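So the structure is just underneath, and the comments pick up after that.
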Amino acid sequence: MKLRITALVMALIMIVLSIPVSAEGKYTTAKDYFPFTDIAENKWYTPAVKFCYVNGFMKGVSNSLFDPSSITTREQMIMIIANMTKEDISSYTETSFNDVLPGKWYTSAIAWAEEKGYTDGIGENKFGLGLKITREEAVVMFYNHAVSDLTEPFDAESLTSYKDHKDVSDWAMEAVLWAVANGVIKGDNRNCIDPKGIMTRVQAAQMIYNLQLSVLGTSHKHEFTEPSCTEPARCISEDGVEGGCKLILSPAKGHSYDIPENCESYVTCNDCGELLFTPKGHDYTAATCVSPMTCRKCGKIEGAALGHTVEIGVCGRCGEGLFKDNYQKLTYYLKEKGADRGSTKQLHARINYKNGDYAEQIVGYDLIGNTCYIRLFYRFAKKGDNIDMKIYFDSISSSYTYTVDYLVDGKVEYSGTGTVDAYSFNKNTSLKLDSYSGKDTSRKSLEGLCAPTLMLLFDGADHLLTGCADMSVKDLGFKNF
């Protein structure tokens with residue numbers, strides 16, 4: 001059952017995600033797997049940056065930027081090497097360097113590197129915190145790290161073929177010879193190795209790429225799978241350890257599809273053919289007293305303007321001067337336009353999907369409890385399972401209570417209640433249940449369903465509200481929807 005719920009989380013996420021547009025009228029999910037907008041596909045360093053990112057060796061300077069040309073400091077390089085080893089360095093807290101402060105993001109990495117012998121600083125009991133690292137300094141750090149794992153001696157080739165070979169410092173010569181012999185660094189288009197040059201972030205990425213694939217990974221021959229739309233290129237070699245080689249060559253390439261031709265188009269991936277989105281139909285603005293319904297996406301007009309009506313001195317349809325707040329406005333429309341369903345008044349819609357799934361969407365008013373609610377009942381045709389979610393409100397607030405039930409064969413298998421902050425909620429929000437009933441091992445899976453299900457619930461409710469009540473979900477406080 002846990003696998004079943006996890007699969008449904010992914011299905012719901014695919015329905016509600018908004019995917020950014022790329023060039024030439026195409027949509028892509030590539031940024032879900034490689035987010036950096038400043039790394040172009042045709043650069044010499046792109047494979048190395050992707051390699052370092054997916055393996056966790058390097059991060060971006062923000063969620064969307066890698067900053068390829070910025071410099072690398074000595075402490076940043078030590079942190080990169082620590083990331084490469086995947087070691088737990090949290091226990092390393094003390095270092096002999098007097099310029100390294102305790103408790104900083106770099107402290108454990110520098111203390112670890114000092115104890116391992118990967119760095120002895122710049123002299124005078126200083127590490128050189130904040131200093132830009134040169135290419136030969138970086139090579140020495142990589143060399144000190146790599147030789148501890150090497151069992152074969154390296155063939156050191158002469159550097160005399162490089163124009164600037166005399167610029168290599170004596171203390172760095174052995175490391176530079178090793179790096180050139182093993183392809184860790186290579187000459188540029190001027191036939192120079194630039195030992196005194198300042199290391200940029202992409203140069204660091206390229207060194208790591210070369211080091212991992214040509215030196216540290218020589219205990220076995222890497223055999224990488226081809227990346228798919230959702231899976232990265234992984235090494236499937238044994239590597240003599242349980243679980244095999246852990247390296248990833250490149251991220252998943254993401255789904256790619258054309259912009260939908262109209263409001264009723266089905267959308268499939270151009271590469272793998274997976275159905276990504278079922279049509280949501282026209283997105284109509286609500287008809288008002290002076291304007292007909294108009295599709296926001298294609299401009300299609302439906303029906304005619306409603307015209308004004310008069311109640312207690314104001315228009316009963318557009319509500320000018322009638323409502324104190326949006327909750328009073330919603331209550332008015334539900335009572336006036338909602339269909340009678342026993343003790344409730346409801347706006348209702350059913351959405352049928354091509355794969356046989358369907359969703360029952362309800363915006364209702366409880367005549368007994370005098371509260372409003374939004375409900376989504378989603379039926380998965382192939383599995384025969386259902387998810388039933390409700391969110392309640394008796395005023396426009398910053399926090400709302402919701403309930404969620406997961407049903408199998410018509411019986412509730414898992415259920416819970418929670419609260420959602422209306423002002424901050426968005427598609428990336430993680431929700432935790434305040435109460436839960438069911439198998440303990442499935443609680444996280446059910447919690448994982450809550451946010452995407454709420455997004456789907458709000459999507460259907462928004463169409464009902466805009467079409468029938470001249471309102472939107474944002475009017476209920478969900479500003480990020």
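Each chain in the structure tokens gets a letter, A, B, ..., in the order shown, and its residues are numbered from 1; ligands are numbered from 1 in order too.
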message: Set the distance at 12 Å and use only C-alpha atoms: which residues neighbour Asn326 (chain A) once local chain neighbours fewer than 5 positions away are removed? I'd like the list as a ChimeraX atom specification.
response: /A:319,331-333,372,393-397,465,469-477
task: Please identify all polymer residues within 9 Å of region 68-74 of chain A, counting only C-alpha atoms, omitting same-chain residues fewer than 3 positions from it, and present them as a list in words.
output: Asp38, Ile39, Tyr45, Val49, Leu65, Met77, Ile78, Met79, Phe127, Gly128, Leu129, Gly130, Leu131, Lys132, Ile133, Thr134, Glu137, Ala138, Ile198, Met199, Thr200, Arg201, Val202, Gln203 and Ala204 of chain A
- request: For region 99-107 of chain A, list every protein, DNA or RNA residue within 7 Å, evaluated using only C-alpha atoms, and leave out those in the same chain fewer than 2 positions away; present the list as a VMD selection string.
  value: chain A and resid 75 79 93 97 109 to 111 126 to 127 129
message: One number please: CA of Asp88 (chain A) to CA of Lys59 (chain A), in Å, one decimal.
response: 17.7 Å
- prompt: CA of Ala451 (chain A) and CA of Ser437 (chain A), how far apart in Å?
  reply: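 We find that CA of Ser437 (chain A) and CA of Ala451 (chain A) lie 18.2 Å from each other.
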Nearest candidate to Ser445 (chain A) (options A:Tyr143, A:Tyr423, A:Trp112, A:Tyr406; using only C-alpha atoms):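 Of A:Tyr143, A:Tyr423, A:Trp112, A:Tyr406, the one nearest Ser445 (chain A), counting only C-alpha atoms, is A:Tyr406.
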query: Taking the backbone alone, and naming residues the way the document does, which bits of region 409-441 of chain A are strand (DSSP E) by DSSP, as number ranges by chain?
result: A: 411-421, 433-437
Considering only C-alpha atoms, return as a PDB file with all heavy atoms, in the first residue's frame whatever protein or nucleic-acid residues lie within 9 Å of Met389 (chain A), sequence-local ones (same chain, fewer than 2 positions apart) excluded.
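Output contents, as saved in part17.pdb:
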ATOM      1  N   ILE A 374     -14.610  23.096   0.916  1.00  0.00           N
ATOM      2  CA  ILE A 374     -14.259  22.656  -0.441  1.00  0.00           C
ATOM      3  C   ILE A 374     -13.875  21.185  -0.335  1.00  0.00           C
ATOM      4  O   ILE A 374     -13.130  20.794   0.562  1.00  0.00           O
ATOM      5  CB  ILE A 374     -13.095  23.460  -1.024  1.00  0.00           C
ATOM      6  CG1 ILE A 374     -13.435  24.951  -1.064  1.00  0.00           C
ATOM      7  CG2 ILE A 374     -12.764  22.984  -2.432  1.00  0.00           C
ATOM      8  CD1 ILE A 374     -12.270  25.810  -1.510  1.00  0.00           C
ATOM      9  N   ARG A 375     -14.368  20.392  -1.266  1.00  0.00           N
ATOM     10  CA  ARG A 375     -14.114  18.954  -1.193  1.00  0.00           C
ATOM     11  C   ARG A 375     -13.682  18.427  -2.558  1.00  0.00           C
ATOM     12  O   ARG A 375     -14.211  18.833  -3.591  1.00  0.00           O
ATOM     13  CB  ARG A 375     -15.375  18.219  -0.743  1.00  0.00           C
ATOM     14  CG  ARG A 375     -15.201  16.695  -0.646  1.00  0.00           C
ATOM     15  CD  ARG A 375     -16.504  16.020  -0.281  1.00  0.00           C
ATOM     16  NE  ARG A 375     -16.355  14.575  -0.132  1.00  0.00           N
ATOM     17  CZ  ARG A 375     -17.343  13.721   0.068  1.00  0.00           C
ATOM     18  NH1 ARG A 375     -18.595  14.184   0.185  1.00  0.00           N
ATOM     19  NH2 ARG A 375     -17.122  12.429   0.186  1.00  0.00           N
ATOM     20  N   LEU A 376     -12.699  17.508  -2.550  1.00  0.00           N
ATOM     21  CA  LEU A 376     -12.281  16.798  -3.757  1.00  0.00           C
ATOM     22  C   LEU A 376     -12.363  15.304  -3.490  1.00  0.00           C
ATOM     23  O   LEU A 376     -11.798  14.801  -2.516  1.00  0.00           O
ATOM     24  CB  LEU A 376     -10.836  17.160  -4.132  1.00  0.00           C
ATOM     25  CG  LEU A 376     -10.254  16.341  -5.293  1.00  0.00           C
ATOM     26  CD1 LEU A 376     -10.913  16.742  -6.615  1.00  0.00           C
ATOM     27  CD2 LEU A 376      -8.750  16.510  -5.385  1.00  0.00           C
ATOM     28  N   PHE A 377     -13.092  14.599  -4.366  1.00  0.00           N
ATOM     29  CA  PHE A 377     -13.155  13.145  -4.299  1.00  0.00           C
ATOM     30  C   PHE A 377     -12.586  12.628  -5.610  1.00  0.00           C
ATOM     31  O   PHE A 377     -13.200  12.785  -6.660  1.00  0.00           O
ATOM     32  CB  PHE A 377     -14.599  12.670  -4.112  1.00  0.00           C
ATOM     33  CG  PHE A 377     -14.724  11.179  -3.926  1.00  0.00           C
ATOM     34  CD1 PHE A 377     -14.544  10.593  -2.678  1.00  0.00           C
ATOM     35  CD2 PHE A 377     -15.015  10.356  -4.999  1.00  0.00           C
ATOM     36  CE1 PHE A 377     -14.658   9.222  -2.507  1.00  0.00           C
ATOM     37  CE2 PHE A 377     -15.122   8.981  -4.838  1.00  0.00           C
ATOM     38  CZ  PHE A 377     -14.960   8.417  -3.591  1.00  0.00           C
ATOM     39  N   TYR A 378     -11.371  12.035  -5.542  1.00  0.00           N
ATOM     40  CA  TYR A 378     -10.660  11.624  -6.747  1.00  0.00           C
ATOM     41  C   TYR A 378     -10.670  10.102  -6.849  1.00  0.00           C
ATOM     42  O   TYR A 378     -10.305   9.393  -5.913  1.00  0.00           O
ATOM     43  CB  TYR A 378      -9.223  12.144  -6.725  1.00  0.00           C
ATOM     44  CG  TYR A 378      -8.559  12.118  -8.081  1.00  0.00           C
ATOM     45  CD1 TYR A 378      -8.479  13.260  -8.868  1.00  0.00           C
ATOM     46  CD2 TYR A 378      -8.009  10.945  -8.575  1.00  0.00           C
ATOM     47  CE1 TYR A 378      -7.873  13.242 -10.113  1.00  0.00           C
ATOM     48  CE2 TYR A 378      -7.406  10.911  -9.815  1.00  0.00           C
ATOM     49  CZ  TYR A 378      -7.330  12.065 -10.576  1.00  0.00           C
ATOM     50  OH  TYR A 378      -6.728  12.039 -11.812  1.00  0.00           O
ATOM     51  N   ILE A 387      -9.219   9.110  -3.110  1.00  0.00           N
ATOM     52  CA  ILE A 387      -8.738  10.021  -2.080  1.00  0.00           C
ATOM     53  C   ILE A 387      -9.798  11.088  -1.894  1.00  0.00           C
ATOM     54  O   ILE A 387     -10.342  11.624  -2.866  1.00  0.00           O
ATOM     55  CB  ILE A 387      -7.368  10.626  -2.431  1.00  0.00           C
ATOM     56  CG1 ILE A 387      -6.857  11.439  -1.246  1.00  0.00           C
ATOM     57  CG2 ILE A 387      -7.408  11.447  -3.696  1.00  0.00           C
ATOM     58  CD1 ILE A 387      -5.398  11.814  -1.368  1.00  0.00           C
ATOM     59  N   ILE A 391     -11.543  20.818   3.061  1.00  0.00           N
ATOM     60  CA  ILE A 391     -10.989  21.926   3.815  1.00  0.00           C
ATOM     61  C   ILE A 391     -12.134  22.821   4.244  1.00  0.00           C
ATOM     62  O   ILE A 391     -13.028  23.114   3.456  1.00  0.00           O
ATOM     63  CB  ILE A 391      -9.938  22.705   2.996  1.00  0.00           C
ATOM     64  CG1 ILE A 391      -9.306  23.797   3.859  1.00  0.00           C
ATOM     65  CG2 ILE A 391     -10.498  23.269   1.726  1.00  0.00           C
ATOM     66  CD1 ILE A 391      -8.054  24.397   3.227  1.00  0.00           C
ATOM     67  N   TYR A 402      -8.041  20.877   7.471  1.00  0.00           N
ATOM     68  CA  TYR A 402      -8.437  19.961   6.402  1.00  0.00           C
ATOM     69  C   TYR A 402      -8.441  18.525   6.928  1.00  0.00           C
ATOM     70  O   TYR A 402      -7.797  18.206   7.926  1.00  0.00           O
ATOM     71  CB  TYR A 402      -7.503  20.072   5.193  1.00  0.00           C
ATOM     72  CG  TYR A 402      -6.081  19.665   5.466  1.00  0.00           C
ATOM     73  CD1 TYR A 402      -5.666  18.335   5.365  1.00  0.00           C
ATOM     74  CD2 TYR A 402      -5.128  20.610   5.827  1.00  0.00           C
ATOM     75  CE1 TYR A 402      -4.372  17.967   5.612  1.00  0.00           C
ATOM     76  CE2 TYR A 402      -3.817  20.248   6.089  1.00  0.00           C
ATOM     77  CZ  TYR A 402      -3.447  18.922   5.969  1.00  0.00           C
ATOM     78  OH  TYR A 402      -2.154  18.549   6.209  1.00  0.00           O
ATOM     79  N   THR A 403      -9.202  17.680   6.245  1.00  0.00           N
ATOM     80  CA  THR A 403      -9.190  16.245   6.517  1.00  0.00           C
ATOM     81  C   THR A 403      -8.860  15.521   5.219  1.00  0.00           C
ATOM     82  O   THR A 403      -9.182  15.999   4.127  1.00  0.00           O
ATOM     83  CB  THR A 403     -10.557  15.740   7.035  1.00  0.00           C
ATOM     84  OG1 THR A 403     -11.552  15.925   6.005  1.00  0.00           O
ATOM     85  CG2 THR A 403     -10.963  16.502   8.283  1.00  0.00           C
ATOM     86  N   VAL A 404      -8.206  14.366   5.319  1.00  0.00           N
ATOM     87  CA  VAL A 404      -7.880  13.577   4.138  1.00  0.00           C
ATOM     88  C   VAL A 404      -8.090  12.097   4.460  1.00  0.00           C
ATOM     89  O   VAL A 404      -7.659  11.609   5.502  1.00  0.00           O
ATOM     90  CB  VAL A 404      -6.433  13.849   3.677  1.00  0.00           C
ATOM     91  CG1 VAL A 404      -5.431  13.551   4.760  1.00  0.00           C
ATOM     92  CG2 VAL A 404      -6.121  13.052   2.416  1.00  0.00           C
ATOM     93  N   ASP A 405      -8.814  11.413   3.583  1.00  0.00           N
ATOM     94  CA  ASP A 405      -9.065   9.977   3.707  1.00  0.00           C
ATOM     95  C   ASP A 405      -8.584   9.286   2.449  1.00  0.00           C
ATOM     96  O   ASP A 405      -8.856   9.747   1.334  1.00  0.00           O
ATOM     97  CB  ASP A 405     -10.565   9.687   3.900  1.00  0.00           C
ATOM     98  CG  ASP A 405     -11.099  10.258   5.197  1.00  0.00           C
ATOM     99  OD1 ASP A 405     -10.378  10.225   6.195  1.00  0.00           O
ATOM    100  OD2 ASP A 405     -12.244  10.740   5.188  1.00  0.00           O
ATOM    101  N   TYR A 406      -7.901   8.152   2.612  1.00  0.00           N
ATOM    102  CA  TYR A 406      -7.508   7.328   1.478  1.00  0.00           C
ATOM    103  C   TYR A 406      -8.301   6.025   1.554  1.00  0.00           C
ATOM    104  O   TYR A 406      -8.245   5.308   2.558  1.00  0.00           O
ATOM    105  CB  TYR A 406      -6.009   7.047   1.490  1.00  0.00           C
ATOM    106  CG  TYR A 406      -5.542   6.392   0.218  1.00  0.00           C
ATOM    107  CD1 TYR A 406      -5.193   7.171  -0.877  1.00  0.00           C
ATOM    108  CD2 TYR A 406      -5.484   5.012   0.096  1.00  0.00           C
ATOM    109  CE1 TYR A 406      -4.775   6.588  -2.060  1.00  0.00           C
ATOM    110  CE2 TYR A 406      -5.075   4.419  -1.086  1.00  0.00           C
ATOM    111  CZ  TYR A 406      -4.711   5.207  -2.159  1.00  0.00           C
ATOM    112  OH  TYR A 406      -4.311   4.631  -3.330  1.00  0.00           O
ATOM    113  N   CYS A 450      -0.878  15.223   0.691  1.00  0.00           N
ATOM    114  CA  CYS A 450      -1.729  16.342   1.105  1.00  0.00           C
ATOM    115  C   CYS A 450      -1.548  17.577   0.240  1.00  0.00           C
ATOM    116  O   CYS A 450      -2.521  18.147  -0.263  1.00  0.00           O
ATOM    117  CB  CYS A 450      -1.475  16.673   2.584  1.00  0.00           C
ATOM    118  SG  CYS A 450      -2.076  15.396   3.719  1.00  0.00           S
ATOM    119  N   THR A 453      -2.663  17.134  -3.448  1.00  0.00           N
ATOM    120  CA  THR A 453      -4.112  16.978  -3.509  1.00  0.00           C
ATOM    121  C   THR A 453      -4.806  18.312  -3.266  1.00  0.00           C
ATOM    122  O   THR A 453      -5.808  18.644  -3.912  1.00  0.00           O
ATOM    123  CB  THR A 453      -4.589  15.936  -2.475  1.00  0.00           C
ATOM    124  OG1 THR A 453      -3.898  14.711  -2.688  1.00  0.00           O
ATOM    125  CG2 THR A 453      -6.081  15.684  -2.615  1.00  0.00           C
ATOM    126  N   LEU A 454      -4.279  19.104  -2.317  1.00  0.00           N
ATOM    127  CA  LEU A 454      -4.842  20.437  -2.090  1.00  0.00           C
ATOM    128  C   LEU A 454      -4.722  21.302  -3.346  1.00  0.00           C
ATOM    129  O   LEU A 454      -5.638  22.051  -3.679  1.00  0.00           O
ATOM    130  CB  LEU A 454      -4.127  21.121  -0.929  1.00  0.00           C
ATOM    131  CG  LEU A 454      -4.660  20.840   0.481  1.00  0.00           C
ATOM    132  CD1 LEU A 454      -3.847  21.591   1.506  1.00  0.00           C
ATOM    133  CD2 LEU A 454      -6.134  21.226   0.602  1.00  0.00           C
ATOM    134  N   LEU A 457      -7.376  20.187  -5.580  1.00  0.00           N
ATOM    135  CA  LEU A 457      -8.654  20.637  -5.020  1.00  0.00           C
ATOM    136  C   LEU A 457      -8.884  22.117  -5.333  1.00  0.00           C
ATOM    137  O   LEU A 457      -9.959  22.514  -5.769  1.00  0.00           O
ATOM    138  CB  LEU A 457      -8.630  20.393  -3.513  1.00  0.00           C
ATOM    139  CG  LEU A 457      -9.868  20.809  -2.692  1.00  0.00           C
ATOM    140  CD1 LEU A 457     -10.031  19.867  -1.514  1.00  0.00           C
ATOM    141  CD2 LEU A 457      -9.740  22.219  -2.163  1.00  0.00           C
TER     142      LEU A 457
END
field: Two-atom distance - CA of Val290 (chain A), CA of Leu330 (chain A) (Å)
entry: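 So the two atoms, CA of Val290 (chain A) and CA of Leu330 (chain A), lie 20.2 Å apart.
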message: Just checking: using only C-alpha atoms, which residue out of A:Asn370, A:Ser169, A:Lys43, A:Cys295 ends up closest to Lys345 (chain A)?
response: A:Asn370
message: So, with only C-alpha atoms as the atoms that count, which of A:Gly123, A:Gly56, A:Pro292, A:Pro227 lies closest to Lys246 (chain A)?
response: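 Among the listed residues, the smallest separation from Lys246 (chain A) belongs to A:Gly56.
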Minimum-distance residue to Asp409 (chain A), chosen among A:Ala286, A:Ala381, A:Leu159, A:Ala179 (using only C-alpha atoms):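 Closest candidate: A:Ala381.
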field: region 333-381 of chain A: residues DSSP assigns to helix (DSSP H, G or I), reported as number ranges by chain
entry: A: 333-337
Preceding selection exported with N, CA, C and O atoms as a tab-separated table (two decimals), in the first residue's frame:
chain	number	residue	atom	x	y	z
A	333	TYR	N	-23.46	33.52	-2.55
A	333	TYR	CA	-23.57	32.82	-3.82
A	333	TYR	C	-23.89	31.34	-3.65
A	333	TYR	O	-24.63	30.76	-4.46
A	334	LEU	N	-23.34	30.71	-2.62
A	334	LEU	CA	-23.65	29.30	-2.39
A	334	LEU	C	-25.13	29.12	-2.05
A	334	LEU	O	-25.78	28.19	-2.53
A	335	LYS	N	-25.66	30.01	-1.22
A	335	LYS	CA	-27.08	29.91	-0.87
A	335	LYS	C	-27.99	30.21	-2.06
A	335	LYS	O	-29.04	29.58	-2.23
A	336	GLU	N	-27.56	31.16	-2.90
A	336	GLU	CA	-28.40	31.57	-4.02
A	336	GLU	C	-28.27	30.64	-5.23
A	336	GLU	O	-29.26	30.36	-5.90
A	337	LYS	N	-27.06	30.16	-5.51
A	337	LYS	CA	-26.84	29.39	-6.73
A	337	LYS	C	-26.51	27.93	-6.47
A	337	LYS	O	-26.47	27.12	-7.41
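Minimum atom-to-atom distances from A:Asp283, A:Asp120, A:Asp164, A:Asp462 to Gln361 (chain A) were compared using only C-alpha atoms, and the lowest value belongs to A:Asp462.
Shortest atom-to-atom contact with Cys235 (chain A) among A:Ala82, A:Ala304, A:Asn55, A:Ala172: A:Asn55, counting only C-alpha atoms.
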- prompt: What's the 12 Å shell around Gly342 (chain A), counting only C-alpha atoms, without same-chain residues fewer than 5 positions away, as number ranges by chain?
  reply: A: 364-368
